[in-house]
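**Student:** Take a look at this one; I'll ask things after.
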Amino acid sequence: MRSRLAWLIALVPVFPPLYLAAFAALRYWRALGPLARGVVLFYLGTQLVAALLTPNPLASVPLALVRGLFVVALVLAGARLADPRWLHYLLVGLVVVYLLAFASSWQAYGALWWQRRLVHPYYTTVSVGLAGALGVLLVLDWRARWWWKLPVGALALAALVFSGSRGALAVLVVGALMALLARGRRYVGGLALGGVLAALAYATVSLGQHVPALQRLLSLGLSGRDRVWQGALEAIRTHPWGGVGPYQLGPWLDYLYRGGCKLWTGAAHLGLSCPSWLEPFHGAWLIAHNLLLHALGETGIVGTTGYLALLALLGYAAVRSREPLLVAIFFGYLVMSLVDNPMAVPSLHLAEVFWVAGGMALARSGLAVALEQGGAVDEDQLGPDPL
């Protein structure tokens with residue numbers, strides 16, 4: 001069983017639909033303590049009530065139910081695993097993701113690939129950066145020999161650098177800082193790496209070298225996000241209580257929507273285009289690039305209240321658990337949510353990690369119990385690092 005679970009965790013970064021296996025964890029509902037159970041029920045209830053208040057409740061209610069259950073299933077899967085060291089297995093799949101990104105960039109741009117931001121067969125450029133930041137945090141937490149940690153950490157850092165994602169860099173720096181405050185001394189290296197990247201980017205700009213990914217790390221521009229936020233605010237003003245419905249905010253984000261059906265950034269360079277059957281649904285994956293605005297736009301005040309309550313529970317659990325990796329993931333993702341939607345599911349693996357880590361925090365903090373073959377497991381009985 002442990003070996004099959006290990007392989008499943010290792011493969012999900014490469015094949016994210018494997019996360020659907022988390023629905024099997026719904027049977028572990030009794031693992032949640034009274035506080036956690038109450039907040040989760042409140043979250044699900046507000047999502048359904050908000051869906052009833054949308055312009056199209058027939059579509060919104062089932063979408064809200066499926067998405068809400070998926071989030072709860074991921075949290076329960078994390079509570080079932082309990083030990084954050086299981087997340088170390090993600091490094092196996094993440095290495096494949098990094099290599100695919102560099103190979104795809106070479107295929108798209110040739111020898112001058114380093115002058116462009118990384119592309120990937122199915123990850124967005126920002127997702128590659130977030131995968132790089134997550135990989136560095138995992139390596140810092142991974143108690144392995146340096147000859148294993150060094151190449152994996154270097155590859156993850158390179159993916160972050162050449163993605164040019166400022167949000168991903170914030171995940172690394174803020175996550176490492178918060179982990180350090182949670183007595184994770186190993187995360188000093190994360191802060192040092194963030195400082196080195198900032199210095200390298202500054203030196204590159206000062207010397208006039210043209211490395212767009214590094215130059216972008218120092219940019220303070222919003223890259224059109226302000227116009228996206230305007231569209232989300234209009235949706236909120238029009239439908240303040242229930243929002244416009246899950247996955248239905250896209251048409252309101254005119255700055256993104258008017259361009260027609262597009263796949264992720266870099267897809268065109270790989271010869272990929274949006275198929276005709278997907279065009280009517282292309283607004284479903286457009287995001288408001290801000291967690292609060294997106295939640296208010298989709299689920300209004302009612303749904304956002306439940307969503308924030310669930311996030312507050314997981315944040316409290318992460319701090320109470322005093323697990324540096326879980327603290328790093330929660331606060332790193334939280335800061336990135338100011339300019340992106342890294343917690344929106346379904347995603348290309350990365351949002352799901354956040355919810356699974358939240359479930360682990362519930363178990364480690366005592367707000368849920370880790371279940372093994374129907375019984376509670378004491379934390380002292382947990383074995384050594386599985387990887």
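By order of appearance in the structure tokens: chains A, B, ..., then residues from 1 within every chain, and ligands from 1 in the order shown.
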Do you know which residues are at most 7 Å from A:Val128 counting only C-alpha atoms, after dropping those on the same chain fewer than 4 positions away, and could you put them as an MDAnalysis selection string?
**Tutor:** chainID A and resid 123:124 132 159:160 163
**Student:** Generate the output file for the selected residues, N, CA and C atoms, as a tab-separated table (two decimals), in the first residue's frame.
**Tutor:**
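Final file, result_35.tsv:
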```tsv
chain	number	residue	atom	x	y	z
A	123	TYR	N	1.96	22.91	-18.79
A	123	TYR	CA	2.00	23.87	-17.67
A	123	TYR	C	2.10	25.28	-18.24
A	124	THR	N	1.50	26.26	-17.53
A	124	THR	CA	1.74	27.64	-17.90
A	124	THR	C	3.12	28.06	-17.42
A	132	GLY	N	8.79	25.41	-9.49
A	132	GLY	CA	10.18	25.59	-9.09
A	132	GLY	C	10.30	26.04	-7.64
A	159	ALA	N	14.32	26.48	-12.86
A	159	ALA	CA	12.97	26.58	-13.40
A	159	ALA	C	12.29	27.85	-12.90
A	160	LEU	N	12.49	28.17	-11.63
A	160	LEU	CA	11.93	29.40	-11.08
A	160	LEU	C	12.52	30.63	-11.75
A	163	SER	N	11.47	31.05	-15.46
A	163	SER	CA	10.05	31.30	-15.66
A	163	SER	C	9.76	32.80	-15.56
```
**Student:** Find the spatial neighbours of A:Met336, counting only C-alpha atoms, within a cut-off of 8 Å - ignore same-chain residues fewer than 6 positions away - and output them as a list of chain:residue names.
**Tutor:**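 That gives A:Gly167, A:Ala168, A:Ala170, A:Val171, A:Pro342.
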**Student:** Restrict the calculation to only C-alpha atoms, then for each residue of stretch 174-224 of chain A with any atom at most 12 Å from an atom of stretch 282-304 of chain A give the closest atom pair and their distance in Å to one decimal, rows by chain and rising residue number, as a Markdown table.
**Tutor:**
```
| residue | atom | partner | partner_atom | distance |
| --- | --- | --- | --- | --- |
| A:Leu222 | CA | A:His289 | CA | 10.2 |
| A:Ser223 | CA | A:His289 | CA | 10.7 |
| A:Gly224 | CA | A:His289 | CA | 10.0 |
```
**Student:** Considering only C-alpha atoms, return as JSON, numbers by chain whatever protein or nucleic-acid residues lie within 12 Å of A:Pro34, sequence-local ones (same chain, fewer than 2 positions apart) excluded.
**Tutor:** {"A": [29, 30, 31, 32, 36, 37, 38, 39, 40, 41, 362, 366, 367, 368, 369]}
**Student:** Give me the residues within 7 Å of A:Pro212 as a list of chain:residue names, counting only C-alpha atoms and dropping any in the same chain fewer than 2 places off.
**Tutor:**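 The neighbour list is A:Gln115, A:Arg116, A:His210, A:Leu214, A:Gln215, A:Arg216.
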**Student:** Which distance in Å separates atom CA of A:Ser60 and atom CA of A:Val345, to one decimal?
**Tutor:**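 Answer for the atom CA of A:Ser60 to atom CA of A:Val345 separation: 15.3 Å.
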**Student:** Restricting the calculation to only C-alpha atoms: of A:Leu177, A:Ala103, A:Leu44, A:Cys274, which residue gets closest to A:Gly259?
**Tutor:**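 When distances to A:Gly259 are compared using only C-alpha atoms, the smallest one comes from A:Cys274.
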**Student:** Enter the distance from atom CA of A:Ala309 to atom CA of A:Pro84, in Å, rounded to one decimal.
**Tutor:** 22.8 Å
